[in-house]
Amino acid sequence: MKKLLVDIAMAIILLLLMAYELIGEATHEYLGIAMLILLCVHHVLNRTWHTHLFKGRYGLNRSVMALVDVLLFVMLIAQMVSGIMMARHVLDFLPHAGRRSVAGSVHLALAYWSFALLGLHVGLHMRPLAGKMGRLLPGKRIWAARVALAAIGVYGAYAAISRQLPGYMLLQIQFAFFDFEEPLIFFFADYLAIMVLFMLVGYGLNRGMTAKRRAKIPS
């Protein structure tokens with residue numbers, strides 16, 4: 001239960017962090033510190049992942065999941081370090097001379113990569129939860145839920161393109177642009193849909209790799 005609450009809190013804070021100037025620089029920095037604390041708590045609660053990382057066999061499924069997990073961890077740490085280098089409010093007492101411009105470009109790109117990888121990470125690990133939901137919901141309701149998630153994912157693809165995520169991720173756009181007249185609820189709805197999209201990609205990838213592994217096992 002503790003792990004689930006921490007993970008939900010991290011997802012919510014990450015959504016808020018994507019808003020950046022819409023929520024204010026100071027709020028963004030405080031949320032960044034909260035994210036760093038939650039990341040530390042997350043890894044303490046999941047410390048067995050670190051101890052088992054170099055143990056056992058690595059099939060396709062475990063290799064992909066480990067790669068996504070390691071990349072996400074490294075990118076989140078790098079994002080937080082670059083954020084500390086740019087801090088103007090909470091940690092402004094630290095020396096920043098000559099580093100804010102470089103850190104800003106790195107921080108912006110890593111924000112979108114971390115967002116995408118977090119969605120993939122959740123999707124790759126959500127099969128047990130999906131199985132529980134399948135057992136709890138009757139046939140028609142589970143299909144309705146699947147259709148709804150698929151629709152959200154399709155909209156998430158549209159939102160990712162309209163919000164120019166590929167441009168940010170590939171450093172083609174080096175400054176974040178926000179519509180200050182847009183209601184925050186629309187902004188968060190779009191990014192939630194994008195997160196669902198990446199979760200569905202991760203979940204589908206997991207199912208595909210599992211099916212491929214089972215097909216190789218002789219009956």
# chains A, B, ... in the order shown; residues from 1 in each chain; ligands from 1
call {"tool": "closest_atom_pairs", "arguments": {"of": "region 78-169 of chain A", "to": "region 189-197 of chain A", "cutoff": "7 Å", "atoms": "only C-alpha atoms", "output": "CSV"}}
result
residue,atom,partner,partner_atom,distance
A:Ala116,CA,A:Met195,CA,6.9
A:Gly119,CA,A:Met195,CA,5.3
A:Ile152,CA,A:Ala193,CA,5.6
A:Gly153,CA,A:Leu197,CA,4.2
A:Tyr155,CA,A:Ala193,CA,6.6
A:Gly156,CA,A:Ile194,CA,4.1
A:Ala157,CA,A:Ile194,CA,6.5
A:Ala159,CA,A:Asp190,CA,5.7
A:Ala160,CA,A:Ile194,CA,6.1
call {"tool": "closest_atom_pairs", "arguments": {"of": "region 16-38 of chain A", "to": "region 169-177 of chain A", "cutoff": "10 Å", "atoms": "only C-alpha atoms", "output": "tab-separated table"}}
result
residue	atom	partner	partner_atom	distance
A:Met18	CA	A:Ala176	CA	9.9
A:Ala19	CA	A:Ala176	CA	9.7
A:Tyr20	CA	A:Ala176	CA	8.7
A:Glu21	CA	A:Ala176	CA	8.9
call {"tool": "write_last_selection", "arguments": {"atoms": "all heavy atoms", "output": "PDB file, in the first residue's frame"}}
result
ATOM      1  N   MET A  18       5.035  19.321 -15.135  1.00  0.00           N
ATOM      2  CA  MET A  18       5.003  19.583 -16.574  1.00  0.00           C
ATOM      3  C   MET A  18       4.389  20.948 -16.873  1.00  0.00           C
ATOM      4  O   MET A  18       4.619  21.519 -17.938  1.00  0.00           O
ATOM      5  CB  MET A  18       4.220  18.487 -17.304  1.00  0.00           C
ATOM      6  CG  MET A  18       4.809  17.088 -17.166  1.00  0.00           C
ATOM      7  SD  MET A  18       6.541  16.953 -17.646  1.00  0.00           S
ATOM      8  CE  MET A  18       6.431  17.226 -19.413  1.00  0.00           C
ATOM      9  N   ALA A  19       3.599  21.474 -15.942  1.00  0.00           N
ATOM     10  CA  ALA A  19       2.943  22.770 -16.153  1.00  0.00           C
ATOM     11  C   ALA A  19       3.915  23.944 -16.002  1.00  0.00           C
ATOM     12  O   ALA A  19       3.663  25.027 -16.517  1.00  0.00           O
ATOM     13  CB  ALA A  19       1.777  22.938 -15.177  1.00  0.00           C
ATOM     14  N   TYR A  20       4.990  23.761 -15.260  1.00  0.00           N
ATOM     15  CA  TYR A  20       6.068  24.733 -15.075  1.00  0.00           C
ATOM     16  C   TYR A  20       5.563  26.157 -14.834  1.00  0.00           C
ATOM     17  O   TYR A  20       5.114  26.473 -13.738  1.00  0.00           O
ATOM     18  CB  TYR A  20       7.032  24.675 -16.270  1.00  0.00           C
ATOM     19  CG  TYR A  20       8.240  25.581 -16.122  1.00  0.00           C
ATOM     20  CD1 TYR A  20       8.958  25.597 -14.930  1.00  0.00           C
ATOM     21  CD2 TYR A  20       8.634  26.427 -17.146  1.00  0.00           C
ATOM     22  CE1 TYR A  20      10.056  26.428 -14.771  1.00  0.00           C
ATOM     23  CE2 TYR A  20       9.739  27.262 -17.008  1.00  0.00           C
ATOM     24  CZ  TYR A  20      10.440  27.264 -15.818  1.00  0.00           C
ATOM     25  OH  TYR A  20      11.512  28.090 -15.656  1.00  0.00           O
ATOM     26  N   GLU A  21       5.606  27.019 -15.850  1.00  0.00           N
ATOM     27  CA  GLU A  21       5.273  28.430 -15.644  1.00  0.00           C
ATOM     28  C   GLU A  21       3.796  28.639 -15.310  1.00  0.00           C
ATOM     29  O   GLU A  21       3.431  29.667 -14.738  1.00  0.00           O
ATOM     30  CB  GLU A  21       5.647  29.251 -16.883  1.00  0.00           C
ATOM     31  CG  GLU A  21       7.149  29.386 -17.073  1.00  0.00           C
ATOM     32  CD  GLU A  21       7.497  30.343 -18.197  1.00  0.00           C
ATOM     33  OE1 GLU A  21       6.571  30.995 -18.721  1.00  0.00           O
ATOM     34  OE2 GLU A  21       8.688  30.448 -18.549  1.00  0.00           O
TER      35      GLU A  21
END
call {"tool": "closest_residue", "arguments": {"among": "A:Ala9, A:Leu22, A:Met1, A:Ile142", "to": "Phe178 (chain A)", "atoms": "only C-alpha atoms"}}
result
A:Leu22
call {"tool": "select_by_dssp", "arguments": {"residues": "chain A", "states": "alpha helix (DSSP H)", "output": "number ranges by chain"}}
result
A: 2-19, 25-45, 47-52, 60-86, 100-124, 127-136, 139-162, 165-169, 184-216
call {"tool": "closest_residue", "arguments": {"among": "A:Leu16, A:Ala34, A:Leu76, A:Ile161", "to": "Leu118 (chain A)", "atoms": "only C-alpha atoms"}}
result
A:Leu76
call {"tool": "closest_residue", "arguments": {"among": "A:Val122, A:Val74, A:Leu165, A:Ile185", "to": "Ile8 (chain A)", "atoms": "only C-alpha atoms"}}
result
A:Val122
call {"tool": "closest_residue", "arguments": {"among": "A:Leu124, A:Arg141, A:Val147, A:Gly59", "to": "Arg213 (chain A)", "atoms": "only C-alpha atoms"}}
result
A:Gly59
call {"tool": "closest_residue", "arguments": {"among": "A:Gly139, A:Pro166, A:Gly56, A:Gly24", "to": "Ala109 (chain A)", "atoms": "only C-alpha atoms"}}
result
A:Pro166
call {"tool": "residues_around", "arguments": {"residues": "Ser82 (chain A)", "least_positions_apart": "5", "cutoff": "8 Å", "atoms": "only C-alpha atoms", "output": "list in words"}}
result
Ala103, Gly104, Val106 and His107 of chain A
call {"tool": "write_last_selection", "arguments": {"atoms": "all heavy atoms", "output": "tab-separated table (two decimals), in the first residue's frame"}}
result
chain	number	residue	atom	x	y	z
A	103	ALA	N	22.00	24.01	-18.35
A	103	ALA	CA	21.13	23.19	-17.51
A	103	ALA	C	19.68	23.28	-17.97
A	103	ALA	O	18.94	22.30	-17.91
A	103	ALA	CB	21.25	23.63	-16.05
A	104	GLY	N	19.28	24.48	-18.47
A	104	GLY	CA	17.91	24.66	-18.91
A	104	GLY	C	17.56	23.77	-20.09
A	104	GLY	O	16.50	23.16	-20.14
A	106	VAL	N	19.09	20.95	-20.98
A	106	VAL	CA	19.10	19.56	-20.52
A	106	VAL	C	17.84	19.25	-19.72
A	106	VAL	O	17.19	18.21	-19.93
A	106	VAL	CB	20.35	19.29	-19.64
A	106	VAL	CG1	20.28	17.91	-19.01
A	106	VAL	CG2	21.61	19.43	-20.49
A	107	HIS	N	17.48	20.16	-18.84
A	107	HIS	CA	16.32	19.95	-17.97
A	107	HIS	C	15.04	19.83	-18.78
A	107	HIS	O	14.20	18.98	-18.49
A	107	HIS	CB	16.21	21.13	-17.00
A	107	HIS	CG	15.22	20.93	-15.90
A	107	HIS	ND1	15.46	20.10	-14.82
A	107	HIS	CD2	13.96	21.42	-15.70
A	107	HIS	CE1	14.43	20.11	-14.01
A	107	HIS	NE2	13.49	20.90	-14.53
call {"tool": "closest_residue", "arguments": {"among": "A:Trp113, A:Ala87, A:Leu53, A:Tyr58", "to": "Met75 (chain A)", "atoms": "only C-alpha atoms"}}
result
A:Trp113
call {"tool": "decode", "arguments": {"residues": "region 53-144 of chain A", "atoms": "C-alpha atoms", "output": "short mmCIF file (atom, residue, chain, number, x, y, z; two decimals), in the first residue's frame"}}
result
data_model
loop_
_atom_site.label_atom_id
_atom_site.label_comp_id
_atom_site.auth_asym_id
_atom_site.auth_seq_id
_atom_site.Cartn_x
_atom_site.Cartn_y
_atom_site.Cartn_z
CA LEU A 53 19.71 -6.11 -10.60
CA PHE A 54 22.84 -8.16 -11.34
CA LYS A 55 21.43 -11.52 -10.29
CA GLY A 56 19.62 -14.20 -12.27
CA ARG A 57 19.02 -14.63 -16.00
CA TYR A 58 17.97 -11.82 -18.29
CA GLY A 59 15.41 -12.74 -20.88
CA LEU A 60 13.87 -10.25 -23.31
CA ASN A 61 11.12 -9.17 -20.91
CA ARG A 62 13.38 -8.59 -17.92
CA SER A 63 16.03 -6.90 -20.09
CA VAL A 64 13.58 -4.36 -21.51
CA MET A 65 12.02 -3.66 -18.11
CA ALA A 66 15.44 -3.23 -16.49
CA LEU A 67 16.60 -0.94 -19.30
CA VAL A 68 13.53 1.30 -18.95
CA ASP A 69 13.87 1.34 -15.14
CA VAL A 70 17.58 2.25 -15.23
CA LEU A 71 17.08 4.94 -17.89
CA LEU A 72 14.19 6.43 -15.93
CA PHE A 73 16.23 6.48 -12.72
CA VAL A 74 19.25 8.10 -14.41
CA MET A 75 17.11 10.68 -16.22
CA LEU A 76 15.17 11.64 -13.11
CA ILE A 77 18.41 12.14 -11.17
CA ALA A 78 19.94 14.16 -14.03
CA GLN A 79 16.75 16.21 -14.32
CA MET A 80 16.81 17.01 -10.62
CA VAL A 81 20.51 17.92 -10.69
CA SER A 82 19.92 20.27 -13.64
CA GLY A 83 16.90 21.68 -11.80
CA ILE A 84 19.03 22.42 -8.73
CA MET A 85 21.58 24.15 -10.99
CA MET A 86 18.81 26.47 -12.27
CA ALA A 87 17.02 27.11 -8.96
CA ARG A 88 16.09 30.75 -8.47
CA HIS A 89 13.90 30.53 -5.37
CA VAL A 90 14.25 27.55 -3.02
CA LEU A 91 17.96 26.87 -3.57
CA ASP A 92 19.06 30.26 -4.84
CA PHE A 93 21.90 30.38 -2.31
CA LEU A 94 23.83 27.85 -4.45
CA PRO A 95 26.29 29.21 -7.07
CA HIS A 96 24.71 29.15 -10.55
CA ALA A 97 26.90 31.46 -12.62
CA GLY A 98 27.26 30.39 -16.25
CA ARG A 99 25.35 27.13 -15.83
CA ARG A 100 21.67 28.02 -16.10
CA SER A 101 21.48 28.12 -19.91
CA VAL A 102 23.05 24.69 -20.42
CA ALA A 103 21.13 23.19 -17.51
CA GLY A 104 17.91 24.66 -18.91
CA SER A 105 18.23 22.83 -22.25
CA VAL A 106 19.10 19.56 -20.52
CA HIS A 107 16.32 19.95 -17.97
CA LEU A 108 13.68 20.64 -20.62
CA ALA A 109 14.53 17.62 -22.78
CA LEU A 110 14.87 15.28 -19.79
CA ALA A 111 11.49 16.41 -18.43
CA TYR A 112 9.69 15.01 -21.49
CA TRP A 113 11.83 11.88 -21.71
CA SER A 114 11.25 11.18 -18.01
CA PHE A 115 7.52 11.72 -18.48
CA ALA A 116 7.43 9.22 -21.36
CA LEU A 117 9.62 6.67 -19.57
CA LEU A 118 7.52 6.91 -16.40
CA GLY A 119 4.44 6.00 -18.45
CA LEU A 120 6.32 3.06 -20.03
CA HIS A 121 7.60 2.01 -16.60
CA VAL A 122 4.08 1.91 -15.15
CA GLY A 123 2.72 0.08 -18.20
CA LEU A 124 5.46 -2.57 -18.11
CA HIS A 125 4.69 -3.28 -14.45
CA MET A 126 0.88 -3.07 -14.50
CA ARG A 127 -0.03 -6.61 -15.60
CA PRO A 128 -0.75 -7.78 -12.01
CA LEU A 129 -3.04 -4.76 -11.47
CA ALA A 130 -4.72 -5.34 -14.83
CA GLY A 131 -5.31 -8.96 -13.84
CA LYS A 132 -6.97 -7.92 -10.58
CA MET A 133 -9.19 -5.43 -12.38
CA GLY A 134 -10.17 -8.12 -14.87
CA ARG A 135 -11.30 -10.39 -12.04
CA LEU A 136 -13.21 -7.62 -10.25
CA LEU A 137 -15.12 -6.24 -13.24
CA PRO A 138 -17.79 -8.26 -15.10
CA GLY A 139 -17.26 -8.99 -18.79
CA LYS A 140 -19.10 -5.99 -20.24
CA ARG A 141 -17.57 -3.54 -17.77
CA ILE A 142 -14.00 -4.68 -18.40
CA TRP A 143 -14.52 -4.28 -22.13
CA ALA A 144 -16.01 -0.83 -21.57
#
